[in-house]
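Participant: File name model_33.txt; file contents compact mmCIF, C-alpha atoms and all ligand atoms; full text below.
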```txt
# COMPACT_ATOMS: atom_id res chain seq x y z
CA MET A 1 16.19 -10.52 -22.58
CA HIS A 2 13.53 -7.75 -22.81
CA GLU A 3 12.46 -8.74 -19.34
CA GLN A 4 15.96 -8.24 -17.94
CA THR A 5 15.90 -4.69 -19.33
CA ALA A 6 12.58 -4.07 -17.58
CA TYR A 7 13.80 -5.55 -14.28
CA ALA A 8 16.98 -3.44 -14.37
CA GLU A 9 14.98 -0.28 -15.08
CA ILE A 10 12.65 -0.94 -12.15
CA ASP A 11 15.71 -1.39 -9.93
CA ARG A 12 17.12 1.89 -11.25
CA TRP A 13 13.89 3.65 -10.18
CA ARG A 14 13.52 1.70 -6.98
CA GLU A 15 14.45 4.46 -4.56
CA LYS A 16 11.94 6.85 -6.15
CA LEU A 17 9.23 4.17 -6.22
CA ASP A 18 9.78 3.34 -2.53
CA GLU A 19 9.75 7.04 -1.69
CA LEU A 20 6.44 7.59 -3.52
CA ALA A 21 4.82 4.59 -1.82
CA LEU A 22 6.03 5.79 1.57
CA ASN A 23 4.82 9.35 0.97
CA ILE A 24 1.35 8.09 0.02
CA TRP A 25 1.42 5.89 3.14
CA LYS A 26 2.29 8.92 5.29
CA HIS A 27 -0.54 11.02 3.79
CA PRO A 28 -3.52 8.66 3.61
CA GLU A 29 -6.48 10.14 1.73
CA GLY A 30 -10.11 9.10 1.35
CA PRO A 31 -12.14 8.33 -1.78
CA PHE A 32 -12.17 10.96 -4.55
CA VAL A 33 -9.94 13.30 -2.49
CA GLU A 34 -6.61 11.55 -3.20
CA TYR A 35 -5.11 14.89 -4.23
CA LYS A 36 -1.56 14.34 -2.97
CA ALA A 37 -1.32 10.71 -4.13
CA CYS A 38 -2.61 11.73 -7.54
CA GLU A 39 -0.27 14.72 -7.86
CA TRP A 40 2.84 12.81 -6.76
CA THR A 41 2.05 9.77 -8.91
CA ALA A 42 1.41 11.94 -11.98
CA GLN A 43 4.70 13.79 -11.40
CA LEU A 44 6.76 10.60 -11.20
CA LEU A 45 5.18 9.36 -14.43
CA ARG A 46 5.99 12.70 -16.12
CA ASP A 47 9.58 12.41 -14.88
CA ALA A 48 9.71 8.93 -16.41
CA GLY A 49 8.63 10.30 -19.81
CA PHE A 50 4.95 9.35 -19.90
CA ASP A 51 2.29 11.52 -21.51
CA VAL A 52 0.19 12.31 -18.42
CA GLN A 53 -3.37 13.59 -18.10
CA VAL A 54 -4.96 14.26 -14.71
CA GLY A 55 -8.72 14.54 -14.29
CA VAL A 56 -9.73 11.95 -16.90
CA GLY A 57 -13.39 11.03 -17.09
CA GLY A 58 -14.23 14.28 -15.29
CA ILE A 59 -12.75 12.95 -12.03
CA LYS A 60 -10.17 15.21 -10.43
CA THR A 61 -8.02 12.42 -8.97
CA ALA A 62 -8.03 10.07 -11.98
CA ILE A 63 -4.85 9.71 -14.07
CA ARG A 64 -4.15 8.46 -17.60
CA ALA A 65 -0.44 8.14 -18.39
CA SER A 66 0.55 6.59 -21.70
CA TYR A 67 3.62 5.62 -23.65
CA GLY A 68 3.99 4.13 -27.14
CA SER A 69 1.58 3.95 -30.03
CA GLY A 70 -0.75 1.56 -31.79
CA LYS A 71 -1.88 -1.91 -30.80
CA PRO A 72 -1.98 -3.75 -28.53
CA VAL A 73 -3.03 -1.40 -25.75
CA PHE A 74 -2.15 -2.64 -22.27
CA GLY A 75 -3.87 -1.06 -19.25
CA LEU A 76 -2.31 -1.10 -15.77
CA LEU A 77 -4.85 -0.34 -13.05
CA GLY A 78 -3.39 1.62 -10.13
CA GLU A 79 -5.22 2.79 -6.99
CA TYR A 80 -4.16 4.96 -4.05
CA ASP A 81 -7.05 5.60 -1.66
CA ALA A 82 -6.96 4.74 2.06
CA LEU A 83 -9.45 3.44 4.65
CA PRO A 84 -11.03 5.33 7.56
CA GLY A 85 -9.89 4.38 11.06
CA MET A 86 -6.88 2.43 9.76
CA SER A 87 -4.14 4.77 10.97
CA GLN A 88 -1.23 2.71 12.30
CA LYS A 89 2.48 3.08 12.95
CA VAL A 90 5.06 0.64 11.56
CA CYS A 91 5.26 -1.33 14.81
CA ASP A 92 4.30 -4.77 16.11
CA HIS A 93 1.29 -3.68 18.21
CA LYS A 94 -1.82 -1.66 17.50
CA GLU A 95 -0.86 2.01 17.75
CA ALA A 96 -2.31 4.71 15.52
CA VAL A 97 -0.27 7.56 14.07
CA CYS A 98 -3.41 9.61 14.66
CA GLU A 99 -6.37 7.87 16.34
CA GLY A 100 -9.38 7.47 14.04
CA ASP A 101 -7.52 8.84 11.02
CA TYR A 102 -7.29 7.27 7.58
CA GLY A 103 -4.59 4.66 6.98
CA GLN A 104 -3.39 2.31 4.22
CA GLY A 105 -5.25 -0.67 5.69
CA CYS A 106 -5.56 -2.22 2.21
CA GLY A 107 -2.05 -1.34 1.02
CA HIS A 108 -3.15 0.86 -1.89
CA ASN A 109 0.04 2.92 -1.55
CA LEU A 110 1.87 -0.23 -2.73
CA LEU A 111 -0.86 -1.03 -5.26
CA GLY A 112 -0.66 2.29 -7.08
CA VAL A 113 3.13 2.46 -7.14
CA ALA A 114 3.64 -1.17 -8.25
CA HIS A 115 1.73 -0.36 -11.44
CA VAL A 116 3.88 2.75 -11.93
CA GLY A 117 7.00 0.58 -11.58
CA GLY A 118 5.62 -2.00 -13.99
CA ALA A 119 4.85 0.69 -16.57
CA ILE A 120 8.33 2.24 -16.19
CA GLY A 121 10.03 -1.15 -16.67
CA LEU A 122 7.90 -1.95 -19.71
CA LYS A 123 8.53 1.45 -21.27
CA LYS A 124 12.29 0.97 -21.13
CA ALA A 125 12.12 -2.50 -22.68
CA MET A 126 9.83 -1.21 -25.45
CA GLU A 127 12.07 1.82 -26.12
CA GLU A 128 15.30 -0.15 -26.31
CA ASN A 129 13.88 -2.83 -28.56
CA ASN A 130 11.44 -0.81 -30.68
CA LEU A 131 8.51 -2.92 -29.55
CA PRO A 132 5.07 -1.91 -30.87
CA GLY A 133 2.07 -1.13 -28.71
CA THR A 134 0.81 1.28 -26.07
CA ILE A 135 0.98 1.03 -22.31
CA ILE A 136 -1.38 3.08 -20.17
CA TYR A 137 -1.21 3.57 -16.43
CA TYR A 138 -4.63 4.44 -15.02
CA GLY A 139 -4.67 6.09 -11.61
CA CYS A 140 -8.08 5.00 -10.32
CA PRO A 141 -9.55 6.77 -7.30
CA ALA A 142 -11.97 5.54 -4.66
CA GLU A 143 -11.61 1.77 -4.93
CA GLU A 144 -12.54 1.40 -1.27
CA VAL A 145 -16.04 2.65 -2.04
CA LEU A 146 -16.02 0.53 -5.21
CA THR A 147 -17.01 3.28 -7.58
CA GLY A 148 -13.80 4.84 -8.97
CA LYS A 149 -13.44 2.52 -11.97
CA PRO A 150 -17.19 2.29 -12.71
CA PHE A 151 -17.36 6.11 -12.85
CA MET A 152 -14.30 6.11 -15.15
CA ALA A 153 -15.86 3.33 -17.24
CA ARG A 154 -19.11 5.35 -17.47
CA SER A 155 -17.02 8.01 -19.22
CA HIS A 156 -15.56 5.34 -21.54
CA VAL A 157 -12.01 5.81 -20.21
CA PHE A 158 -11.20 2.09 -20.57
CA ASP A 159 -12.74 1.50 -24.01
CA GLU A 160 -9.29 1.85 -25.58
CA ILE A 161 -7.61 -1.15 -23.92
CA ASP A 162 -7.00 -4.64 -25.33
CA PHE A 163 -6.09 -6.23 -21.99
CA SER A 164 -5.41 -5.20 -18.41
CA VAL A 165 -3.63 -6.17 -15.23
CA ALA A 166 -4.62 -5.39 -11.66
CA PHE A 167 -2.20 -6.07 -8.84
CA HIS A 168 -3.30 -6.08 -5.22
CA PRO A 169 -0.90 -6.49 -2.29
CA GLY A 170 -1.73 -9.40 -0.03
CA SER A 171 -0.31 -11.97 2.32
CA SER A 172 0.47 -14.43 -0.51
CA ASN A 173 1.87 -14.53 -4.04
CA ASN A 174 -1.08 -15.49 -6.18
CA VAL A 175 -2.96 -15.29 -9.45
CA SER A 176 -6.77 -15.05 -9.28
CA TYR A 177 -8.76 -17.44 -11.44
CA GLY A 178 -11.98 -17.22 -9.41
CA VAL A 179 -14.68 -14.59 -9.12
CA MET A 180 -14.97 -11.84 -6.52
CA THR A 181 -18.45 -10.46 -5.95
CA GLY A 182 -19.83 -7.30 -7.50
CA LEU A 183 -22.22 -5.10 -5.54
CA ASN A 184 -24.73 -2.31 -5.28
CA SER A 185 -24.38 0.29 -2.53
CA PHE A 186 -27.40 2.37 -1.59
CA LYS A 187 -29.06 4.27 1.23
CA LEU A 188 -32.71 4.27 2.21
CA HIS A 189 -34.09 7.45 3.73
CA PHE A 190 -37.48 7.15 5.44
CA LYS A 191 -39.65 10.13 6.30
CA GLY A 192 -42.47 9.91 8.86
CA ARG A 193 -44.14 12.22 11.38
CA THR A 194 -42.70 13.17 14.72
CA ALA A 195 -44.63 13.11 17.99
CA HIS A 196 -44.06 12.92 21.73
CA ALA A 197 -43.23 9.26 22.20
CA GLY A 198 -44.95 9.10 25.59
CA GLY A 199 -47.60 11.80 25.34
CA GLY A 200 -48.94 11.20 21.82
CA PRO A 201 -47.34 8.21 20.10
CA HIS A 202 -50.53 7.61 18.09
CA ASN A 203 -49.79 10.86 16.29
CA GLY A 204 -46.36 9.69 15.20
CA ARG A 205 -45.26 7.69 12.17
CA SER A 206 -41.82 6.33 13.00
CA ALA A 207 -39.19 6.37 10.28
CA LEU A 208 -37.02 4.21 12.54
CA ASP A 209 -39.75 1.54 12.62
CA ALA A 210 -39.57 1.54 8.83
CA VAL A 211 -35.80 1.00 8.90
CA GLU A 212 -36.15 -1.82 11.41
CA LEU A 213 -38.96 -3.53 9.47
CA THR A 214 -36.93 -3.20 6.26
CA ASN A 215 -34.05 -4.95 7.99
CA VAL A 216 -36.34 -7.68 9.35
CA GLY A 217 -37.60 -8.22 5.80
CA ILE A 218 -34.07 -8.35 4.40
CA ASN A 219 -33.05 -10.86 7.05
CA TYR A 220 -35.98 -13.09 6.02
CA LEU A 221 -35.00 -12.61 2.39
CA ARG A 222 -31.60 -14.21 3.08
CA GLU A 223 -33.10 -17.68 3.00
CA HIS A 224 -34.58 -17.17 -0.46
CA VAL A 225 -31.59 -15.92 -2.40
CA PRO A 226 -28.60 -17.95 -3.68
CA MET A 227 -26.25 -18.83 -0.82
CA THR A 228 -23.51 -16.77 -2.48
CA VAL A 229 -25.45 -13.51 -2.02
CA ARG A 230 -24.30 -11.15 0.76
CA MET A 231 -26.45 -8.37 2.21
CA HIS A 232 -25.14 -5.97 4.88
CA TYR A 233 -26.41 -2.78 6.46
CA ILE A 234 -25.73 -0.14 9.06
CA ILE A 235 -28.19 2.37 10.49
CA THR A 236 -26.77 5.81 9.79
CA ASP A 237 -29.60 7.80 11.38
CA GLY A 238 -31.92 6.26 13.96
CA GLY A 239 -33.42 9.38 15.47
CA ALA A 240 -32.40 11.87 18.15
CA ALA A 241 -33.87 10.64 21.46
CA PRO A 242 -36.12 7.78 22.65
CA ASN A 243 -38.87 10.18 23.71
CA ILE A 244 -39.24 11.63 20.23
CA VAL A 245 -40.84 9.53 17.48
CA PRO A 246 -38.22 9.83 14.72
CA ASP A 247 -39.61 11.52 11.62
CA LYS A 248 -36.36 10.74 9.76
CA ALA A 249 -34.24 7.60 9.70
CA SER A 250 -31.71 6.21 7.25
CA ALA A 251 -29.71 3.06 6.67
CA TRP A 252 -26.90 2.12 4.27
CA TYR A 253 -26.94 -1.22 2.42
CA PHE A 254 -24.63 -3.38 0.31
CA VAL A 255 -25.85 -6.29 -1.78
CA ARG A 256 -23.14 -8.52 -3.24
CA ALA A 257 -23.35 -11.46 -5.65
CA LEU A 258 -21.28 -13.35 -8.20
CA THR A 259 -23.23 -12.06 -11.23
CA ARG A 260 -24.62 -8.64 -12.12
CA GLU A 261 -28.01 -10.23 -12.89
CA THR A 262 -28.29 -11.59 -9.34
CA ILE A 263 -27.23 -8.26 -7.83
CA ASP A 264 -29.90 -6.44 -9.83
CA GLU A 265 -32.58 -8.99 -8.96
CA VAL A 266 -31.90 -9.04 -5.20
CA TYR A 267 -31.51 -5.24 -5.17
CA GLY A 268 -35.01 -4.96 -6.65
CA ARG A 269 -36.38 -7.26 -3.95
CA MET A 270 -34.70 -5.19 -1.22
CA LEU A 271 -36.39 -2.08 -2.60
CA ASP A 272 -39.74 -3.89 -2.60
CA ILE A 273 -39.20 -4.72 1.08
CA ALA A 274 -38.43 -1.05 1.83
CA GLU A 275 -41.63 0.02 0.10
CA GLY A 276 -43.55 -2.59 2.09
CA ALA A 277 -42.02 -1.29 5.32
CA ALA A 278 -42.96 2.28 4.36
CA LYS A 279 -46.52 1.17 3.73
CA MET A 280 -46.68 -0.69 7.07
CA THR A 281 -45.47 2.32 9.01
CA GLY A 282 -47.22 5.11 7.13
CA THR A 283 -43.90 6.61 6.08
CA GLU A 284 -42.24 7.40 2.77
CA VAL A 285 -39.00 6.02 1.44
CA GLU A 286 -36.40 7.59 -0.81
CA VAL A 287 -33.65 5.52 -2.42
CA GLU A 288 -30.18 7.05 -2.78
CA PHE A 289 -28.15 4.89 -5.16
CA LEU A 290 -24.47 5.38 -4.31
CA GLY A 291 -22.85 3.09 -6.84
CA GLY A 292 -22.30 -0.41 -8.05
CA CYS A 293 -19.62 -2.58 -9.57
CA TYR A 294 -19.26 -5.82 -11.51
CA PRO A 295 -17.91 -9.11 -10.19
CA THR A 296 -14.41 -9.89 -11.45
CA LEU A 297 -13.94 -11.80 -14.70
CA ASN A 298 -10.38 -13.09 -14.51
CA ASN A 299 -9.10 -14.35 -17.84
CA HIS A 300 -7.51 -17.80 -17.51
CA VAL A 301 -5.32 -17.47 -20.62
CA LEU A 302 -3.82 -14.31 -19.12
CA GLY A 303 -3.76 -15.99 -15.70
CA ASP A 304 -1.37 -18.66 -16.95
CA VAL A 305 0.98 -15.99 -18.36
CA MET A 306 0.81 -14.04 -15.09
CA TYR A 307 1.60 -17.18 -13.10
CA GLU A 308 4.72 -17.86 -15.22
CA ALA A 309 5.76 -14.21 -14.90
CA LEU A 310 5.47 -14.42 -11.12
CA CYS A 311 7.57 -17.59 -11.11
CA ASP A 312 10.28 -15.98 -13.27
CA ALA A 313 10.51 -12.45 -11.86
CA PRO A 314 13.35 -11.88 -9.40
CA ARG A 315 12.56 -10.98 -5.80
CA ASP A 316 14.54 -10.13 -2.71
CA PRO A 317 14.67 -12.70 0.09
CA TRP A 318 13.09 -11.79 3.44
CA THR A 319 15.61 -10.72 6.08
CA GLN A 320 15.66 -12.13 9.62
CA GLU A 321 14.47 -8.76 10.89
CA GLU A 322 11.44 -8.87 8.56
CA LEU A 323 10.65 -12.44 9.58
CA ASP A 324 10.86 -11.49 13.27
CA PHE A 325 8.49 -8.56 12.67
CA ALA A 326 6.03 -10.86 10.85
CA ALA A 327 6.25 -13.41 13.69
CA LYS A 328 5.17 -10.74 16.17
CA LEU A 329 2.27 -9.66 13.97
CA ASN A 330 1.14 -13.25 13.39
CA GLY A 331 1.10 -13.79 17.17
CA ASP A 332 -0.17 -17.27 18.08
CA LYS A 333 -1.69 -17.96 14.64
CA LYS A 334 0.15 -20.98 13.22
CA MET A 335 1.06 -20.47 9.56
CA ASP A 336 3.25 -22.46 7.12
CA GLU A 337 5.51 -19.45 6.63
CA LEU A 338 5.77 -16.11 8.45
CA LEU A 339 6.10 -14.26 5.14
CA ASN A 340 4.92 -16.27 2.18
CA THR A 341 7.30 -17.27 -0.60
CA LYS A 342 5.12 -19.83 -2.43
CA ILE A 343 3.25 -18.81 -5.61
CA VAL A 344 -0.30 -20.13 -5.82
CA LYS A 345 -3.25 -20.13 -8.20
CA HIS A 346 -6.42 -18.96 -6.42
CA THR A 347 -9.22 -20.86 -8.10
CA GLY A 348 -11.96 -20.33 -5.47
CA ASN A 349 -14.42 -17.46 -5.40
CA GLY A 350 -14.06 -14.52 -3.02
CA TYR A 351 -16.87 -12.67 -1.28
CA GLY A 352 -15.24 -9.32 -0.89
CA SER A 353 -15.56 -6.94 -3.84
CA THR A 354 -13.30 -4.85 -6.04
CA ASP A 355 -14.18 -2.48 -8.84
CA VAL A 356 -11.55 -4.12 -11.10
CA GLY A 357 -14.37 -6.32 -12.46
CA ASP A 358 -15.83 -3.40 -14.41
CA VAL A 359 -12.63 -3.10 -16.46
CA GLN A 360 -12.49 -6.88 -16.83
CA HIS A 361 -15.96 -6.77 -18.43
CA ILE A 362 -14.70 -4.30 -21.05
CA ALA A 363 -11.57 -6.23 -22.14
CA PRO A 364 -9.72 -9.35 -20.94
CA GLY A 365 -7.92 -8.80 -17.66
CA ILE A 366 -6.19 -10.57 -14.80
CA SER A 367 -5.70 -9.88 -11.08
CA PHE A 368 -2.72 -11.03 -9.07
CA GLY A 369 -1.12 -10.46 -5.68
CA THR A 370 2.24 -10.64 -3.98
CA ALA A 371 3.16 -11.14 -0.35
CA CYS A 372 3.41 -7.66 1.13
CA TYR A 373 2.15 -8.45 4.66
CA ASN A 374 2.64 -11.09 7.36
CA SER A 375 0.99 -14.38 6.39
CA ALA A 376 -1.81 -14.14 8.99
CA ALA A 377 -2.74 -10.50 8.30
CA PRO A 378 -6.52 -10.13 7.99
CA GLY A 379 -7.84 -7.78 5.28
CA HIS A 380 -8.50 -4.13 6.18
CA HIS A 381 -6.48 -4.48 9.39
CA TRP A 382 -3.76 -2.55 11.24
CA ASN A 383 -1.28 -5.36 10.33
CA VAL A 384 -1.74 -4.32 6.70
CA THR A 385 -1.14 -0.63 7.42
CA ALA A 386 1.99 -1.52 9.42
CA CYS A 387 3.47 -3.75 6.69
CA SER A 388 2.51 -1.35 3.88
CA GLY A 389 4.80 1.26 5.38
CA SER A 390 7.68 -1.20 5.93
CA SER A 391 10.38 -2.86 3.82
CA ILE A 392 8.16 -5.98 3.63
CA GLY A 393 5.54 -4.07 1.66
CA MET A 394 8.14 -2.35 -0.52
CA LYS A 395 9.77 -5.66 -1.47
CA GLY A 396 6.41 -7.16 -2.42
CA MET A 397 5.65 -4.04 -4.46
CA ILE A 398 8.90 -4.16 -6.46
CA TYR A 399 8.44 -7.88 -7.11
CA ALA A 400 4.91 -7.15 -8.37
CA ALA A 401 6.21 -4.36 -10.66
CA LYS A 402 8.73 -6.75 -12.22
CA ALA A 403 6.19 -9.56 -12.64
CA MET A 404 3.69 -7.26 -14.34
CA ALA A 405 6.34 -5.88 -16.68
CA ALA A 406 7.26 -9.44 -17.69
CA PHE A 407 3.57 -10.29 -18.09
CA GLY A 408 3.00 -7.24 -20.30
CA LEU A 409 5.99 -7.98 -22.52
CA ARG A 410 4.90 -11.60 -23.00
CA VAL A 411 1.32 -10.76 -23.95
CA MET A 412 2.20 -7.74 -26.09
CA GLY A 413 4.81 -9.78 -27.94
CA ASP A 414 2.48 -12.69 -28.72
CA PRO A 415 -0.55 -11.68 -30.86
CA GLU A 416 -1.82 -15.27 -30.96
CA LEU A 417 -1.91 -15.45 -27.18
CA LEU A 418 -3.83 -12.18 -26.98
CA GLU A 419 -6.30 -13.52 -29.56
CA LYS A 420 -6.82 -16.59 -27.38
CA ALA A 421 -7.42 -14.38 -24.34
CA LYS A 422 -9.93 -12.30 -26.33
CA LYS A 423 -11.72 -15.43 -27.50
CA GLU A 424 -12.10 -16.59 -23.90
CA PHE A 425 -13.36 -13.12 -22.98
CA GLU A 426 -15.97 -13.11 -25.76
CA GLU A 427 -17.17 -16.57 -24.71
CA SER A 428 -17.45 -15.50 -21.05
CA MET A 429 -19.44 -12.42 -22.03
CA GLY A 430 -21.82 -14.57 -24.10
CA GLY A 431 -22.62 -11.76 -26.51
CA SER A 432 -23.39 -9.22 -23.78
CA HIS A 433 -21.63 -5.88 -23.33
CA TYR A 434 -20.56 -3.86 -20.33
CA VAL A 435 -23.24 -1.54 -19.05
CA CYS A 436 -22.13 0.77 -16.25
CA PRO A 437 -24.13 -0.07 -13.10
CA ILE A 438 -24.11 3.60 -12.07
CA PRO A 439 -26.84 5.59 -13.87
CA ASP A 440 -25.80 8.78 -15.68
CA ASP A 441 -27.60 11.04 -13.22
CA VAL A 442 -25.55 9.87 -10.19
CA PRO A 443 -22.80 12.49 -9.72
CA VAL A 444 -19.17 11.63 -8.94
CA PRO A 445 -18.68 12.65 -5.27
CA ASN A 446 -16.34 15.44 -4.13
CA GLN A 447 -15.83 17.14 -7.51
CA ASP A 448 -16.70 20.72 -6.38
ZN ZN B 1 -7.78 -2.92 -1.66
```
In structure tokens, how does this file's structure come out?
Ligand SMILES: [Zn+2]
Facilitator:
Amino acid sequence: MHEQTAYAEIDRWREKLDELALNIWKHPEGPFVEYKACEWTAQLLRDAGFDVQVGVGGIKTAIRASYGSGKPVFGLLGEYDALPGMSQKVCDHKEAVCEGDYGQGCGHNLLGVAHVGGAIGLKKAMEENNLPGTIIYYGCPAEEVLTGKPFMARSHVFDEIDFSVAFHPGSSNNVSYGVMTGLNSFKLHFKGRTAHAGGGPHNGRSALDAVELTNVGINYLREHVPMTVRMHYIITDGGAAPNIVPDKASAWYFVRALTRETIDEVYGRMLDIAEGAAKMTGTEVEVEFLGGCYPTLNNHVLGDVMYEALCDAPRDPWTQEELDFAAKLNGDKKMDELLNTKIVKHTGNGYGSTDVGDVQHIAPGISFGTACYNSAAPGHHWNVTACSGSSIGMKGMIYAAKAMAAFGLRVMGDPELLEKAKKEFEESMGGSHYVCPIPDDVPVPNQD
């Protein structure tokens, strides 16, 4: 009954929700500069009667929008940032709106707005039925660089919540029971001594040699870490010309693992390798720590509620036109369905990362997805940008909003269930507490 009220309210707001998602899609913005997305999202939440603060945790593009009072406190984790180089038109072949520009290649326009819709639906059901509790929409910047939520968590923004939900658009309808990796992101800057590479190489101390030897060391390290560890790098500065011994060189690294302890341990070994490489080459190394995040900690008690909510929430069927569009995007990849309709439980681990895990280490939380793209769409791909600006993405987004409203109502209305979820959370944490992986002296980027 309460759920029907929430579903009807989301339908009543549907045009505005679609419009907001499309506007964010049309104006893709990078990490910590999501000014338009933040402004428009905050305005819609004000229009819907939420108490809205922008700039929470000292981050210009972070939102806290609340409704209600007292316990339990339910957090809905929205995001809106885009990816570089992912500009794409809504069409069945690769064609950028503006070549090289940002684009919604991870569908965060749908992600942010689905949580707004969920909060709006919940608010109406709570209002009409005098239900106790508080719902809070968090607009979280910079997920694509995996530091938005950790920076917010460092400022204790999430300490108030009892449980959370995090929706992510995808190519399937799913609830996550497994773990996605956490990570550290850092740059190494080597300083050496320049020289004429032909005329006086013995006078030079190559910073590029140090980068290369660091990478050789890291590649040997791969055999002696758990198989679930991932290490990646790019060289961001390798010198100016082959005939000049580079006195400066830099590289950017990620280390990912399924536990924070493993990330910290392997990170330390990578730094040891860098110091060894500096010693070998007669250079100096400086570490620039960019950020880190936790692995996810999906709560299985909440997962079961989310799964039921996904099964029960109404959704629009795919039209023939949408199926034809998906068929073109899928190309010759053979899939069970062109646009997925099944609802699945994802129990395996994932080796990408999300910063949702930081919030899930503060209070019980669950991640879920709905089909918003063609079934064969790879992650961070032009297929995703294309679908995120189409009716396929919008339908998946509205379905997600309804499912999360139903999920919220069920958990908020069942104190025993929430206690069970908290018990599971405490057991998973084993007596430990969240410690932000980003030290206090690392500034939030782009706040000037
Ligand atoms: Zn994403």
Participant: Counting only C-alpha atoms, note down every residue that has an atom within 6 Å of the point (-0.9, -12.1, 5.7) (file coordinates), as a list in words.
Facilitator: Ser171, Tyr373, Asn374, Ser375, Ala376 and Ala377 of chain A
Participant: Using only C-alpha atoms, what does the table of segment 86-202 of chain A residues within 9 Å of segment 341-358 of chain A look like, with each row giving the shortest atom pair and its distance in Å to one decimal, sorted by chain and ascending number, as a tab-separated table?
Facilitator:
```
residue	atom	partner	partner_atom	distance
A:Glu143	CA	A:Asp355	CA	6.3
A:Glu144	CA	A:Thr354	CA	7.9
A:Val145	CA	A:Asp355	CA	8.7
A:Leu146	CA	A:Asp355	CA	5.1
A:Thr147	CA	A:Asp355	CA	6.5
A:Gly148	CA	A:Asp355	CA	7.3
A:Lys149	CA	A:Asp355	CA	5.9
A:Pro150	CA	A:Asp358	CA	6.1
A:Ala153	CA	A:Asp358	CA	7.3
A:Ala166	CA	A:Val356	CA	7.1
A:Ser172	CA	A:Ile343	CA	7.3
A:Asn173	CA	A:Ile343	CA	4.8
A:Asn174	CA	A:Val344	CA	4.7
A:Val175	CA	A:Lys345	CA	5.0
A:Ser176	CA	A:His346	CA	4.9
A:Tyr177	CA	A:Thr347	CA	4.8
A:Gly178	CA	A:Asn349	CA	4.7
A:Val179	CA	A:Asn349	CA	4.7
A:Met180	CA	A:Gly350	CA	4.5
A:Thr181	CA	A:Ser353	CA	5.0
A:Gly182	CA	A:Ser353	CA	5.6
A:Leu183	CA	A:Ser353	CA	7.1
```
Participant: Would you list the contacts of Glu160 of chain A as a ChimeraX atom specification, taking every protein, DNA or RNA residue within 10 Å and counting all atoms listed in the file, but skipping same-chain residues closer than 5 positions in sequence?
Facilitator: /A:71-75,136,362-363
Participant: Kindly work out which residues sit at most 12 Å from ligand ZN 1 (chain B), using all atoms listed in the file, and give the list as a PyMOL selection string.
Facilitator: chain A and resi 78-83+103-112+140-146+166-170+352-356+367+369+379-381+384-385+388
Participant: Atom CA of Ala403 of chain A to atom CA of Ala313 of chain A: how many Å, to one decimal?
Facilitator: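 Calculated distance between atom CA of Ala403 of chain A and atom CA of Ala313 of chain A is 5.3 Å.
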Participant: Kindly provide, as number ranges by chain, the polymer residues lying within 12 Å of (-34.7, -8.9, 5.2), counting all atoms listed in the file and using the coordinates exactly as they appear in the file.
Facilitator: A: 211-225, 230-233, 253, 255, 266-267, 269-274, 276-277
Participant: Quick one: residues within 12 Å of Lys395 of chain A, only C-alpha atoms, excluding same-chain residues fewer than 6 positions away - as a list of chain:residue names?
Facilitator: A:Asp11, A:Arg14, A:Glu15, A:Leu17, A:Asp18, A:Ala21, A:Leu110, A:Val113, A:Ala114, A:Pro169, A:Pro314, A:Arg315, A:Asp316, A:Pro317, A:Trp318, A:Thr319, A:Glu322, A:Leu339, A:Thr341, A:Thr370, A:Ala371, A:Cys372, A:Tyr373, A:Cys387, A:Ser388, A:Gly389, A:Ala401, A:Lys402
Participant: From the list A:Ser155, A:Ser428, A:Thr5, A:Gln88, which residue is nearest Val56 of chain A when using only C-alpha atoms?
Facilitator: A:Ser155
Participant: Here is a test: counting all atoms listed in the file, which residue of A:Val411, A:Met227, A:Leu122, A:Ile59 is nearest to Arg154 of chain A?
Facilitator: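 Closest to Arg154 of chain A of all the choices is A:Ile59.
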